[in-house]
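Notes follow once the structure below has been shown.
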Amino acid sequence: MHRRRRTAITVSAALLFAAPLLTACGSEAHPGAAAVVGGERIEVSAVQANVRDVRSAQESSPQSAQLVKDSGQLGRAKLYELIVDRVVERAAADAGVSVSRREVQEGRAALAQQAGGEEQLTAMYLQQRGVAPDQVDQVVRRDVLVGKLAERLGGATPEGQQRLNEAFSAAAKALDIDVNPRYGSWDDQKLELGDYRAPWISQVTRQESAETGGA
């Protein structure tokens, strides 16, 4: 059961395969917006608030200097997460998949057990993914939702992976993602924001491949 939950959570790495290029929006067209996704604005102020939360948590860490040094693209990273959240939600909704608060709590509890406790879990998310303690629930929710969507579409098989890629591609296209040029342009094929790709992605991909290969 725990193995199944771990696989569901880590399968969010599959997000990184999608389709065509979307253009950036001019800041004059959407003043104050970091991006517009599905017709809804992601405000620059919301991105900045998320950045402040992470910086505050980093400053309280014994590894403060290293954490700050390793997260130089934090503004872009936080916008990236906010965009990906919406892509996942759209793809899941299109497939009739949802996640309950209880499932999020169970997923977080399983992760905390693996990490050695809540304190270790939040420290790990801060160090490895640039996620502040009050942002962990949202990240876990997204990962669990992706895991359920993957299972609905065929699981960790080549066919299932292809269907998952297609689901994210369709969702991203439907959302018509426009990004303020100050953050770069959104690439729907690679799900990258400018030259930013979340650094934890390759780690998760390797873990997922290892688990699949060992099954």
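Residues are named by chain letter and number: chains run A, B, ... in the order of the structure tokens, numbers start at 1 in each chain, and ligands are numbered from 1 in the order shown.
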
Shell of 12 Å around Ala77 in chain A, only C-alpha atoms, local chain residues under 2 positions omitted, as a PDB file with all heavy atoms, in the first residue's frame:
```pdb
ATOM      1  N   VAL A  47       2.853  35.763  -6.740  1.00  0.00           N
ATOM      2  CA  VAL A  47       4.153  35.122  -6.917  1.00  0.00           C
ATOM      3  C   VAL A  47       5.136  35.644  -5.880  1.00  0.00           C
ATOM      4  O   VAL A  47       5.863  34.872  -5.237  1.00  0.00           O
ATOM      5  CB  VAL A  47       4.694  35.378  -8.339  1.00  0.00           C
ATOM      6  CG1 VAL A  47       6.094  34.784  -8.493  1.00  0.00           C
ATOM      7  CG2 VAL A  47       3.749  34.791  -9.383  1.00  0.00           C
ATOM      8  N   GLN A  48       5.148  36.950  -5.690  1.00  0.00           N
ATOM      9  CA  GLN A  48       6.075  37.560  -4.736  1.00  0.00           C
ATOM     10  C   GLN A  48       5.786  37.099  -3.309  1.00  0.00           C
ATOM     11  O   GLN A  48       6.722  36.909  -2.514  1.00  0.00           O
ATOM     12  CB  GLN A  48       5.996  39.084  -4.842  1.00  0.00           C
ATOM     13  CG  GLN A  48       6.540  39.620  -6.165  1.00  0.00           C
ATOM     14  CD  GLN A  48       6.304  41.101  -6.346  1.00  0.00           C
ATOM     15  OE1 GLN A  48       5.408  41.688  -5.716  1.00  0.00           O
ATOM     16  NE2 GLN A  48       7.097  41.733  -7.207  1.00  0.00           N
ATOM     17  N   ASN A  50       4.596  34.178  -2.427  1.00  0.00           N
ATOM     18  CA  ASN A  50       5.127  32.826  -2.309  1.00  0.00           C
ATOM     19  C   ASN A  50       6.642  32.829  -2.170  1.00  0.00           C
ATOM     20  O   ASN A  50       7.217  32.035  -1.421  1.00  0.00           O
ATOM     21  CB  ASN A  50       4.719  31.992  -3.523  1.00  0.00           C
ATOM     22  CG  ASN A  50       3.280  31.528  -3.465  1.00  0.00           C
ATOM     23  OD1 ASN A  50       2.596  31.703  -2.455  1.00  0.00           O
ATOM     24  ND2 ASN A  50       2.796  30.949  -4.542  1.00  0.00           N
ATOM     25  N   VAL A  51       7.283  33.736  -2.891  1.00  0.00           N
ATOM     26  CA  VAL A  51       8.739  33.870  -2.787  1.00  0.00           C
ATOM     27  C   VAL A  51       9.127  34.292  -1.371  1.00  0.00           C
ATOM     28  O   VAL A  51      10.067  33.744  -0.777  1.00  0.00           O
ATOM     29  CB  VAL A  51       9.273  34.883  -3.812  1.00  0.00           C
ATOM     30  CG1 VAL A  51      10.744  35.223  -3.531  1.00  0.00           C
ATOM     31  CG2 VAL A  51       9.137  34.335  -5.228  1.00  0.00           C
ATOM     32  N   VAL A  54       9.056  31.424   1.092  1.00  0.00           N
ATOM     33  CA  VAL A  54      10.203  30.531   0.964  1.00  0.00           C
ATOM     34  C   VAL A  54      11.456  31.177   1.530  1.00  0.00           C
ATOM     35  O   VAL A  54      12.217  30.543   2.272  1.00  0.00           O
ATOM     36  CB  VAL A  54      10.423  30.120  -0.504  1.00  0.00           C
ATOM     37  CG1 VAL A  54      11.704  29.296  -0.650  1.00  0.00           C
ATOM     38  CG2 VAL A  54       9.234  29.325  -1.017  1.00  0.00           C
ATOM     39  N   ASP A  70      21.154  28.279  -3.943  1.00  0.00           N
ATOM     40  CA  ASP A  70      20.657  27.245  -4.843  1.00  0.00           C
ATOM     41  C   ASP A  70      19.285  27.565  -5.427  1.00  0.00           C
ATOM     42  O   ASP A  70      18.758  26.780  -6.228  1.00  0.00           O
ATOM     43  CB  ASP A  70      20.582  25.904  -4.119  1.00  0.00           C
ATOM     44  CG  ASP A  70      21.957  25.339  -3.789  1.00  0.00           C
ATOM     45  OD1 ASP A  70      22.949  25.810  -4.382  1.00  0.00           O
ATOM     46  OD2 ASP A  70      22.032  24.443  -2.929  1.00  0.00           O
ATOM     47  N   SER A  71      18.686  28.661  -5.033  1.00  0.00           N
ATOM     48  CA  SER A  71      17.333  28.987  -5.502  1.00  0.00           C
ATOM     49  C   SER A  71      17.287  30.378  -6.114  1.00  0.00           C
ATOM     50  O   SER A  71      16.422  31.191  -5.805  1.00  0.00           O
ATOM     51  CB  SER A  71      16.322  28.872  -4.352  1.00  0.00           C
ATOM     52  OG  SER A  71      16.710  29.702  -3.262  1.00  0.00           O
ATOM     53  N   GLY A  72      18.223  30.636  -7.009  1.00  0.00           N
ATOM     54  CA  GLY A  72      18.316  31.957  -7.621  1.00  0.00           C
ATOM     55  C   GLY A  72      17.145  32.310  -8.515  1.00  0.00           C
ATOM     56  O   GLY A  72      16.860  33.486  -8.735  1.00  0.00           O
ATOM     57  N   GLN A  73      16.449  31.318  -9.079  1.00  0.00           N
ATOM     58  CA  GLN A  73      15.303  31.578  -9.950  1.00  0.00           C
ATOM     59  C   GLN A  73      13.991  31.361  -9.198  1.00  0.00           C
ATOM     60  O   GLN A  73      13.012  30.875  -9.758  1.00  0.00           O
ATOM     61  CB  GLN A  73      15.347  30.658 -11.172  1.00  0.00           C
ATOM     62  CG  GLN A  73      16.560  30.860 -12.060  1.00  0.00           C
ATOM     63  CD  GLN A  73      16.406  30.124 -13.372  1.00  0.00           C
ATOM     64  OE1 GLN A  73      15.522  30.420 -14.174  1.00  0.00           O
ATOM     65  NE2 GLN A  73      17.261  29.143 -13.606  1.00  0.00           N
ATOM     66  N   LEU A  74      13.953  31.752  -7.958  1.00  0.00           N
ATOM     67  CA  LEU A  74      12.804  31.430  -7.110  1.00  0.00           C
ATOM     68  C   LEU A  74      11.508  32.045  -7.624  1.00  0.00           C
ATOM     69  O   LEU A  74      10.453  31.408  -7.572  1.00  0.00           O
ATOM     70  CB  LEU A  74      13.080  31.866  -5.678  1.00  0.00           C
ATOM     71  CG  LEU A  74      12.096  31.361  -4.623  1.00  0.00           C
ATOM     72  CD1 LEU A  74      11.954  29.847  -4.668  1.00  0.00           C
ATOM     73  CD2 LEU A  74      12.541  31.810  -3.229  1.00  0.00           C
ATOM     74  N   GLY A  75      11.558  33.278  -8.115  1.00  0.00           N
ATOM     75  CA  GLY A  75      10.339  33.891  -8.643  1.00  0.00           C
ATOM     76  C   GLY A  75       9.769  33.104  -9.803  1.00  0.00           C
ATOM     77  O   GLY A  75       8.560  32.838  -9.875  1.00  0.00           O
ATOM     78  N   LEU A  79       6.161  30.892  -9.961  1.00  0.00           N
ATOM     79  CA  LEU A  79       5.174  31.067 -11.028  1.00  0.00           C
ATOM     80  C   LEU A  79       4.965  29.746 -11.761  1.00  0.00           C
ATOM     81  O   LEU A  79       3.835  29.373 -12.084  1.00  0.00           O
ATOM     82  CB  LEU A  79       5.625  32.147 -12.005  1.00  0.00           C
ATOM     83  CG  LEU A  79       4.705  32.353 -13.221  1.00  0.00           C
ATOM     84  CD1 LEU A  79       3.281  32.684 -12.791  1.00  0.00           C
ATOM     85  CD2 LEU A  79       5.266  33.437 -14.143  1.00  0.00           C
ATOM     86  N   TYR A  80       6.048  29.036 -12.016  1.00  0.00           N
ATOM     87  CA  TYR A  80       5.981  27.728 -12.671  1.00  0.00           C
ATOM     88  C   TYR A  80       5.028  26.803 -11.911  1.00  0.00           C
ATOM     89  O   TYR A  80       4.162  26.148 -12.501  1.00  0.00           O
ATOM     90  CB  TYR A  80       7.391  27.144 -12.723  1.00  0.00           C
ATOM     91  CG  TYR A  80       7.499  25.744 -13.274  1.00  0.00           C
ATOM     92  CD1 TYR A  80       7.679  25.516 -14.630  1.00  0.00           C
ATOM     93  CD2 TYR A  80       7.452  24.641 -12.427  1.00  0.00           C
ATOM     94  CE1 TYR A  80       7.801  24.228 -15.142  1.00  0.00           C
ATOM     95  CE2 TYR A  80       7.572  23.349 -12.922  1.00  0.00           C
ATOM     96  CZ  TYR A  80       7.745  23.152 -14.278  1.00  0.00           C
ATOM     97  OH  TYR A  80       7.864  21.873 -14.758  1.00  0.00           O
ATOM     98  N   GLU A  81       5.174  26.755 -10.588  1.00  0.00           N
ATOM     99  CA  GLU A  81       4.311  25.888  -9.790  1.00  0.00           C
ATOM    100  C   GLU A  81       2.844  26.301  -9.892  1.00  0.00           C
ATOM    101  O   GLU A  81       1.955  25.446  -9.984  1.00  0.00           O
ATOM    102  CB  GLU A  81       4.756  25.923  -8.329  1.00  0.00           C
ATOM    103  CG  GLU A  81       6.082  25.230  -8.072  1.00  0.00           C
ATOM    104  CD  GLU A  81       6.507  25.325  -6.620  1.00  0.00           C
ATOM    105  OE1 GLU A  81       5.762  25.916  -5.819  1.00  0.00           O
ATOM    106  OE2 GLU A  81       7.589  24.805  -6.298  1.00  0.00           O
ATOM    107  N   LEU A  82       2.590  27.604  -9.884  1.00  0.00           N
ATOM    108  CA  LEU A  82       1.216  28.082  -9.963  1.00  0.00           C
ATOM    109  C   LEU A  82       0.587  27.738 -11.310  1.00  0.00           C
ATOM    110  O   LEU A  82      -0.607  27.428 -11.395  1.00  0.00           O
ATOM    111  CB  LEU A  82       1.173  29.589  -9.721  1.00  0.00           C
ATOM    112  CG  LEU A  82       1.498  30.037  -8.294  1.00  0.00           C
ATOM    113  CD1 LEU A  82       1.696  31.554  -8.227  1.00  0.00           C
ATOM    114  CD2 LEU A  82       0.410  29.595  -7.315  1.00  0.00           C
ATOM    115  N   ILE A  83       1.386  27.799 -12.374  1.00  0.00           N
ATOM    116  CA  ILE A  83       0.883  27.420 -13.692  1.00  0.00           C
ATOM    117  C   ILE A  83       0.624  25.917 -13.752  1.00  0.00           C
ATOM    118  O   ILE A  83      -0.434  25.466 -14.207  1.00  0.00           O
ATOM    119  CB  ILE A  83       1.879  27.843 -14.792  1.00  0.00           C
ATOM    120  CG1 ILE A  83       1.950  29.379 -14.893  1.00  0.00           C
ATOM    121  CG2 ILE A  83       1.480  27.247 -16.147  1.00  0.00           C
ATOM    122  CD1 ILE A  83       3.042  29.884 -15.823  1.00  0.00           C
ATOM    123  N   VAL A  84       1.595  25.135 -13.301  1.00  0.00           N
ATOM    124  CA  VAL A  84       1.463  23.677 -13.350  1.00  0.00           C
ATOM    125  C   VAL A  84       0.275  23.207 -12.512  1.00  0.00           C
ATOM    126  O   VAL A  84      -0.421  22.256 -12.887  1.00  0.00           O
ATOM    127  CB  VAL A  84       2.776  23.002 -12.902  1.00  0.00           C
ATOM    128  CG1 VAL A  84       2.572  21.510 -12.661  1.00  0.00           C
ATOM    129  CG2 VAL A  84       3.852  23.203 -13.963  1.00  0.00           C
ATOM    130  N   ARG A 129      12.990  21.219  -3.012  1.00  0.00           N
ATOM    131  CA  ARG A 129      12.006  21.724  -3.967  1.00  0.00           C
ATOM    132  C   ARG A 129      11.672  23.194  -3.789  1.00  0.00           C
ATOM    133  O   ARG A 129      10.836  23.735  -4.508  1.00  0.00           O
ATOM    134  CB  ARG A 129      10.733  20.868  -3.876  1.00  0.00           C
ATOM    135  CG  ARG A 129      10.982  19.417  -4.259  1.00  0.00           C
ATOM    136  CD  ARG A 129       9.765  18.525  -4.149  1.00  0.00           C
ATOM    137  NE  ARG A 129       8.711  18.848  -5.085  1.00  0.00           N
ATOM    138  CZ  ARG A 129       7.664  18.053  -5.341  1.00  0.00           C
ATOM    139  NH1 ARG A 129       7.571  16.877  -4.730  1.00  0.00           N
ATOM    140  NH2 ARG A 129       6.733  18.392  -6.199  1.00  0.00           N
ATOM    141  N   GLY A 130      12.336  23.853  -2.845  1.00  0.00           N
ATOM    142  CA  GLY A 130      12.082  25.272  -2.646  1.00  0.00           C
ATOM    143  C   GLY A 130      10.657  25.564  -2.229  1.00  0.00           C
ATOM    144  O   GLY A 130      10.053  26.555  -2.656  1.00  0.00           O
ATOM    145  N   VAL A 131      10.114  24.701  -1.380  1.00  0.00           N
ATOM    146  CA  VAL A 131       8.719  24.805  -0.936  1.00  0.00           C
ATOM    147  C   VAL A 131       8.689  25.174   0.537  1.00  0.00           C
ATOM    148  O   VAL A 131       9.289  24.487   1.368  1.00  0.00           O
ATOM    149  CB  VAL A 131       7.976  23.476  -1.172  1.00  0.00           C
ATOM    150  CG1 VAL A 131       6.569  23.524  -0.571  1.00  0.00           C
ATOM    151  CG2 VAL A 131       7.917  23.165  -2.665  1.00  0.00           C
ATOM    152  N   TYR A 183       9.212  36.984 -16.831  1.00  0.00           N
ATOM    153  CA  TYR A 183       9.447  35.632 -16.318  1.00  0.00           C
ATOM    154  C   TYR A 183       9.886  34.662 -17.420  1.00  0.00           C
ATOM    155  O   TYR A 183      10.165  33.505 -17.139  1.00  0.00           O
ATOM    156  CB  TYR A 183       8.184  35.089 -15.654  1.00  0.00           C
ATOM    157  CG  TYR A 183       7.800  35.827 -14.403  1.00  0.00           C
ATOM    158  CD1 TYR A 183       6.838  36.826 -14.426  1.00  0.00           C
ATOM    159  CD2 TYR A 183       8.418  35.544 -13.180  1.00  0.00           C
ATOM    160  CE1 TYR A 183       6.482  37.514 -13.270  1.00  0.00           C
ATOM    161  CE2 TYR A 183       8.069  36.226 -12.023  1.00  0.00           C
ATOM    162  CZ  TYR A 183       7.105  37.216 -12.077  1.00  0.00           C
ATOM    163  OH  TYR A 183       6.754  37.901 -10.936  1.00  0.00           O
ATOM    164  N   GLY A 184       9.926  35.126 -18.653  1.00  0.00           N
ATOM    165  CA  GLY A 184      10.259  34.256 -19.764  1.00  0.00           C
ATOM    166  C   GLY A 184       9.006  33.834 -20.510  1.00  0.00           C
ATOM    167  O   GLY A 184       7.917  34.366 -20.276  1.00  0.00           O
ATOM    168  N   GLU A 192       8.296  24.058 -19.699  1.00  0.00           N
ATOM    169  CA  GLU A 192       9.335  24.879 -19.100  1.00  0.00           C
ATOM    170  C   GLU A 192       8.925  26.336 -19.163  1.00  0.00           C
ATOM    171  O   GLU A 192       8.204  26.759 -20.071  1.00  0.00           O
ATOM    172  CB  GLU A 192      10.671  24.696 -19.834  1.00  0.00           C
ATOM    173  CG  GLU A 192      11.290  23.329 -19.647  1.00  0.00           C
ATOM    174  CD  GLU A 192      12.612  23.186 -20.395  1.00  0.00           C
ATOM    175  OE1 GLU A 192      12.936  24.096 -21.193  1.00  0.00           O
ATOM    176  OE2 GLU A 192      13.302  22.182 -20.174  1.00  0.00           O
ATOM    177  N   LEU A 193       9.398  27.092 -18.200  1.00  0.00           N
ATOM    178  CA  LEU A 193       9.144  28.526 -18.165  1.00  0.00           C
ATOM    179  C   LEU A 193      10.479  29.224 -18.416  1.00  0.00           C
ATOM    180  O   LEU A 193      11.350  29.250 -17.551  1.00  0.00           O
ATOM    181  CB  LEU A 193       8.578  28.932 -16.805  1.00  0.00           C
ATOM    182  CG  LEU A 193       8.224  30.412 -16.610  1.00  0.00           C
ATOM    183  CD1 LEU A 193       7.276  30.889 -17.706  1.00  0.00           C
ATOM    184  CD2 LEU A 193       7.618  30.635 -15.243  1.00  0.00           C
ATOM    185  N   GLY A 194      10.649  29.753 -19.619  1.00  0.00           N
ATOM    186  CA  GLY A 194      11.948  30.273 -20.005  1.00  0.00           C
ATOM    187  C   GLY A 194      12.938  29.128 -19.994  1.00  0.00           C
ATOM    188  O   GLY A 194      12.701  28.068 -20.571  1.00  0.00           O
ATOM    189  N   ASP A 195      14.051  29.319 -19.293  1.00  0.00           N
ATOM    190  CA  ASP A 195      15.032  28.234 -19.187  1.00  0.00           C
ATOM    191  C   ASP A 195      14.890  27.496 -17.866  1.00  0.00           C
ATOM    192  O   ASP A 195      15.770  26.748 -17.458  1.00  0.00           O
ATOM    193  CB  ASP A 195      16.464  28.773 -19.322  1.00  0.00           C
ATOM    194  CG  ASP A 195      16.808  29.779 -18.229  1.00  0.00           C
ATOM    195  OD1 ASP A 195      15.908  30.144 -17.436  1.00  0.00           O
ATOM    196  OD2 ASP A 195      17.970  30.212 -18.163  1.00  0.00           O
ATOM    197  N   TYR A 196      13.739  27.691 -17.190  1.00  0.00           N
ATOM    198  CA  TYR A 196      13.550  27.072 -15.876  1.00  0.00           C
ATOM    199  C   TYR A 196      12.801  25.753 -15.983  1.00  0.00           C
ATOM    200  O   TYR A 196      11.727  25.673 -16.578  1.00  0.00           O
ATOM    201  CB  TYR A 196      12.780  27.992 -14.927  1.00  0.00           C
ATOM    202  CG  TYR A 196      12.520  27.325 -13.591  1.00  0.00           C
ATOM    203  CD1 TYR A 196      13.527  27.274 -12.629  1.00  0.00           C
ATOM    204  CD2 TYR A 196      11.321  26.698 -13.322  1.00  0.00           C
ATOM    205  CE1 TYR A 196      13.328  26.617 -11.423  1.00  0.00           C
ATOM    206  CE2 TYR A 196      11.106  26.042 -12.125  1.00  0.00           C
ATOM    207  CZ  TYR A 196      12.118  26.015 -11.180  1.00  0.00           C
ATOM    208  OH  TYR A 196      11.918  25.370 -10.000  1.00  0.00           O
ATOM    209  N   ARG A 197      13.382  24.747 -15.392  1.00  0.00           N
ATOM    210  CA  ARG A 197      12.689  23.479 -15.129  1.00  0.00           C
ATOM    211  C   ARG A 197      13.005  23.123 -13.685  1.00  0.00           C
ATOM    212  O   ARG A 197      14.152  23.175 -13.268  1.00  0.00           O
ATOM    213  CB  ARG A 197      13.169  22.366 -16.049  1.00  0.00           C
ATOM    214  CG  ARG A 197      12.569  21.010 -15.671  1.00  0.00           C
ATOM    215  CD  ARG A 197      13.121  19.882 -16.499  1.00  0.00           C
ATOM    216  NE  ARG A 197      12.479  19.811 -17.790  1.00  0.00           N
ATOM    217  CZ  ARG A 197      12.574  18.752 -18.600  1.00  0.00           C
ATOM    218  NH1 ARG A 197      13.308  17.715 -18.237  1.00  0.00           N
ATOM    219  NH2 ARG A 197      11.961  18.733 -19.753  1.00  0.00           N
ATOM    220  N   ALA A 198      11.983  22.781 -12.917  1.00  0.00           N
ATOM    221  CA  ALA A 198      12.184  22.500 -11.496  1.00  0.00           C
ATOM    222  C   ALA A 198      13.307  21.483 -11.316  1.00  0.00           C
ATOM    223  O   ALA A 198      13.283  20.418 -11.934  1.00  0.00           O
ATOM    224  CB  ALA A 198      10.895  21.982 -10.873  1.00  0.00           C
ATOM    225  N   PRO A 199      14.313  21.775 -10.480  1.00  0.00           N
ATOM    226  CA  PRO A 199      15.469  20.892 -10.344  1.00  0.00           C
ATOM    227  C   PRO A 199      15.145  19.511  -9.797  1.00  0.00           C
ATOM    228  O   PRO A 199      15.886  18.565 -10.039  1.00  0.00           O
ATOM    229  CB  PRO A 199      16.390  21.659  -9.385  1.00  0.00           C
ATOM    230  CG  PRO A 199      15.490  22.597  -8.662  1.00  0.00           C
ATOM    231  CD  PRO A 199      14.421  22.975  -9.649  1.00  0.00           C
ATOM    232  N   TRP A 200      14.023  19.371  -9.073  1.00  0.00           N
ATOM    233  CA  TRP A 200      13.682  18.071  -8.515  1.00  0.00           C
ATOM    234  C   TRP A 200      13.102  17.127  -9.555  1.00  0.00           C
ATOM    235  O   TRP A 200      12.991  15.931  -9.321  1.00  0.00           O
ATOM    236  CB  TRP A 200      12.683  18.221  -7.371  1.00  0.00           C
ATOM    237  CG  TRP A 200      11.473  19.032  -7.703  1.00  0.00           C
ATOM    238  CD1 TRP A 200      11.309  20.372  -7.535  1.00  0.00           C
ATOM    239  CD2 TRP A 200      10.246  18.563  -8.265  1.00  0.00           C
ATOM    240  NE1 TRP A 200      10.067  20.754  -7.970  1.00  0.00           N
ATOM    241  CE2 TRP A 200       9.400  19.676  -8.418  1.00  0.00           C
ATOM    242  CE3 TRP A 200       9.788  17.307  -8.659  1.00  0.00           C
ATOM    243  CZ2 TRP A 200       8.120  19.584  -8.946  1.00  0.00           C
ATOM    244  CZ3 TRP A 200       8.513  17.209  -9.188  1.00  0.00           C
ATOM    245  CH2 TRP A 200       7.691  18.340  -9.329  1.00  0.00           C
TER     246      TRP A 200
END
```

- Who sits within 12 Å of Asp137 in chain A, only C-alpha atoms, same chain under 3 positions skipped, as a PyMOL selection string: chain A and resi 101-109+111-112+118+121-122+125+131-134+140-144

For the residues selected in the previous step, produce a file with N, CA and C atoms as a PDB file, in the first residue's frame.
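File written: part_32.pdb
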```pdb
ATOM      1  N   ARG A 101      -9.595  15.964   0.610  1.00  0.00           N
ATOM      2  CA  ARG A 101      -8.701  16.454   1.649  1.00  0.00           C
ATOM      3  C   ARG A 101      -8.101  15.288   2.437  1.00  0.00           C
ATOM      4  N   ARG A 102      -8.894  14.256   2.646  1.00  0.00           N
ATOM      5  CA  ARG A 102      -8.390  13.093   3.374  1.00  0.00           C
ATOM      6  C   ARG A 102      -7.239  12.439   2.617  1.00  0.00           C
ATOM      7  N   GLU A 103      -7.353  12.335   1.306  1.00  0.00           N
ATOM      8  CA  GLU A 103      -6.281  11.734   0.514  1.00  0.00           C
ATOM      9  C   GLU A 103      -5.001  12.557   0.595  1.00  0.00           C
ATOM     10  N   VAL A 104      -5.150  13.871   0.626  1.00  0.00           N
ATOM     11  CA  VAL A 104      -3.983  14.737   0.781  1.00  0.00           C
ATOM     12  C   VAL A 104      -3.338  14.510   2.144  1.00  0.00           C
ATOM     13  N   GLN A 105      -4.163  14.439   3.173  1.00  0.00           N
ATOM     14  CA  GLN A 105      -3.646  14.209   4.519  1.00  0.00           C
ATOM     15  C   GLN A 105      -2.938  12.861   4.619  1.00  0.00           C
ATOM     16  N   GLU A 106      -3.523  11.836   4.004  1.00  0.00           N
ATOM     17  CA  GLU A 106      -2.905  10.512   4.033  1.00  0.00           C
ATOM     18  C   GLU A 106      -1.589  10.511   3.246  1.00  0.00           C
ATOM     19  N   GLY A 107      -1.569  11.206   2.114  1.00  0.00           N
ATOM     20  CA  GLY A 107      -0.349  11.297   1.335  1.00  0.00           C
ATOM     21  C   GLY A 107       0.753  12.007   2.089  1.00  0.00           C
ATOM     22  N   ARG A 108       0.383  13.089   2.759  1.00  0.00           N
ATOM     23  CA  ARG A 108       1.381  13.820   3.541  1.00  0.00           C
ATOM     24  C   ARG A 108       1.868  12.992   4.724  1.00  0.00           C
ATOM     25  N   ALA A 109       0.964  12.281   5.366  1.00  0.00           N
ATOM     26  CA  ALA A 109       1.361  11.441   6.505  1.00  0.00           C
ATOM     27  C   ALA A 109       2.336  10.359   6.065  1.00  0.00           C
ATOM     28  N   LEU A 111       4.392  10.497   3.504  1.00  0.00           N
ATOM     29  CA  LEU A 111       5.665  11.149   3.211  1.00  0.00           C
ATOM     30  C   LEU A 111       6.413  11.500   4.501  1.00  0.00           C
ATOM     31  N   ALA A 112       5.672  11.986   5.491  1.00  0.00           N
ATOM     32  CA  ALA A 112       6.297  12.335   6.766  1.00  0.00           C
ATOM     33  C   ALA A 112       6.907  11.099   7.418  1.00  0.00           C
ATOM     34  N   GLU A 118       7.407  15.115  10.599  1.00  0.00           N
ATOM     35  CA  GLU A 118       6.956  16.335   9.930  1.00  0.00           C
ATOM     36  C   GLU A 118       8.083  17.355   9.773  1.00  0.00           C
ATOM     37  N   LEU A 121      10.221  16.324   7.023  1.00  0.00           N
ATOM     38  CA  LEU A 121       9.518  16.447   5.752  1.00  0.00           C
ATOM     39  C   LEU A 121       9.556  17.890   5.243  1.00  0.00           C
ATOM     40  N   THR A 122       9.209  18.832   6.101  1.00  0.00           N
ATOM     41  CA  THR A 122       9.199  20.223   5.658  1.00  0.00           C
ATOM     42  C   THR A 122      10.599  20.707   5.313  1.00  0.00           C
ATOM     43  N   TYR A 125      11.363  19.348   1.801  1.00  0.00           N
ATOM     44  CA  TYR A 125      10.687  20.106   0.748  1.00  0.00           C
ATOM     45  C   TYR A 125      11.342  21.468   0.537  1.00  0.00           C
ATOM     46  N   VAL A 131      10.114  24.701  -1.380  1.00  0.00           N
ATOM     47  CA  VAL A 131       8.719  24.805  -0.936  1.00  0.00           C
ATOM     48  C   VAL A 131       8.689  25.174   0.537  1.00  0.00           C
ATOM     49  N   ALA A 132       8.008  26.250   0.871  1.00  0.00           N
ATOM     50  CA  ALA A 132       7.870  26.676   2.265  1.00  0.00           C
ATOM     51  C   ALA A 132       6.910  25.749   3.002  1.00  0.00           C
ATOM     52  N   PRO A 133       7.022  25.676   4.328  1.00  0.00           N
ATOM     53  CA  PRO A 133       6.146  24.775   5.092  1.00  0.00           C
ATOM     54  C   PRO A 133       4.661  24.953   4.803  1.00  0.00           C
ATOM     55  N   ASP A 134       4.200  26.196   4.640  1.00  0.00           N
ATOM     56  CA  ASP A 134       2.775  26.402   4.397  1.00  0.00           C
ATOM     57  C   ASP A 134       2.366  26.133   2.947  1.00  0.00           C
ATOM     58  N   VAL A 140       1.708  18.499  -2.226  1.00  0.00           N
ATOM     59  CA  VAL A 140       1.293  17.105  -2.028  1.00  0.00           C
ATOM     60  C   VAL A 140      -0.028  16.848  -2.753  1.00  0.00           C
ATOM     61  N   ARG A 141      -0.948  17.791  -2.656  1.00  0.00           N
ATOM     62  CA  ARG A 141      -2.232  17.642  -3.336  1.00  0.00           C
ATOM     63  C   ARG A 141      -2.031  17.470  -4.836  1.00  0.00           C
ATOM     64  N   ARG A 142      -1.186  18.303  -5.415  1.00  0.00           N
ATOM     65  CA  ARG A 142      -0.931  18.208  -6.847  1.00  0.00           C
ATOM     66  C   ARG A 142      -0.325  16.852  -7.213  1.00  0.00           C
ATOM     67  N   ASP A 143       0.635  16.393  -6.410  1.00  0.00           N
ATOM     68  CA  ASP A 143       1.298  15.131  -6.705  1.00  0.00           C
ATOM     69  C   ASP A 143       0.333  13.944  -6.595  1.00  0.00           C
ATOM     70  N   VAL A 144      -0.521  13.971  -5.581  1.00  0.00           N
ATOM     71  CA  VAL A 144      -1.500  12.894  -5.419  1.00  0.00           C
ATOM     72  C   VAL A 144      -2.499  12.908  -6.580  1.00  0.00           C
TER      73      VAL A 144
END
```

- Task: May I have all residues of range 10-183 of chain A that DSSP, computed from the backbone, assigns to alpha helix (DSSP H), given as number ranges by chain?
- Result: A: 10, 44-59, 64-69, 74-94, 101-115, 118-129, 136-152, 158-175

- Task: Calculate how many Å separate CA of Arg55 in chain A from CA of Asp85 in chain A, rounding to one decimal.
- Result: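 Interatomic distance here is 21.0 Å.
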
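Within 8 Å of Ala91 in chain A, once only C-alpha atoms are used and residues closer than 5 positions along the same chain are dropped, the contacting residues are A:Ala167, A:Phe168, A:Ala170, A:Ala171.
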
- Message: Calculated over only C-alpha atoms, which of the candidates A:Gln120, A:Ser185, A:Ser98, A:Gln114 has the smallest distance to Gly147 in chain A?
- Response: A:Ser98

- DSSP says strand (DSSP E or B) for which residues of range 19-109 of chain A? Put them as number ranges by chain? A: 21, 33-37, 40-43

- Query: Gly39 in chain A: which residues within 9 Å, counting only C-alpha atoms, same-chain residues fewer than 5 positions away excluded, as an MDAnalysis selection string?
  - Reply: chainID A and resid 175:177

- How many Å lie between CA of Glu40 in chain A and CA of Asp178 in chain A, rounded to one decimal?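 Computing it gives 10.3 Å between the two atoms.
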
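The residue that comes closest to Glu119 in chain A, out of A:Lys173, A:Ser61, A:Val139, A:Pro181 and on the basis of only C-alpha atoms, is A:Ser61.
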
- Task: Go through A:Lys69, A:Arg90, A:Lys78, A:Arg163 and flag the residue nearest Leu145 in chain A, using only C-alpha atoms for the distances.
- Result: A:Arg90

- Note on the structure: Separating CA of Ser169 in chain A from CA of Val88 in chain A, to the nearest tenth of an Å, is a gap of 10.3 Å

- Message: So that I can see what lies close to Arg152 in chain A, please list as a count of residues only the residues with an atom at most 9 Å from it, counting only C-alpha atoms and leaving out residues fewer than 4 positions away in the same chain.
- Response: 5
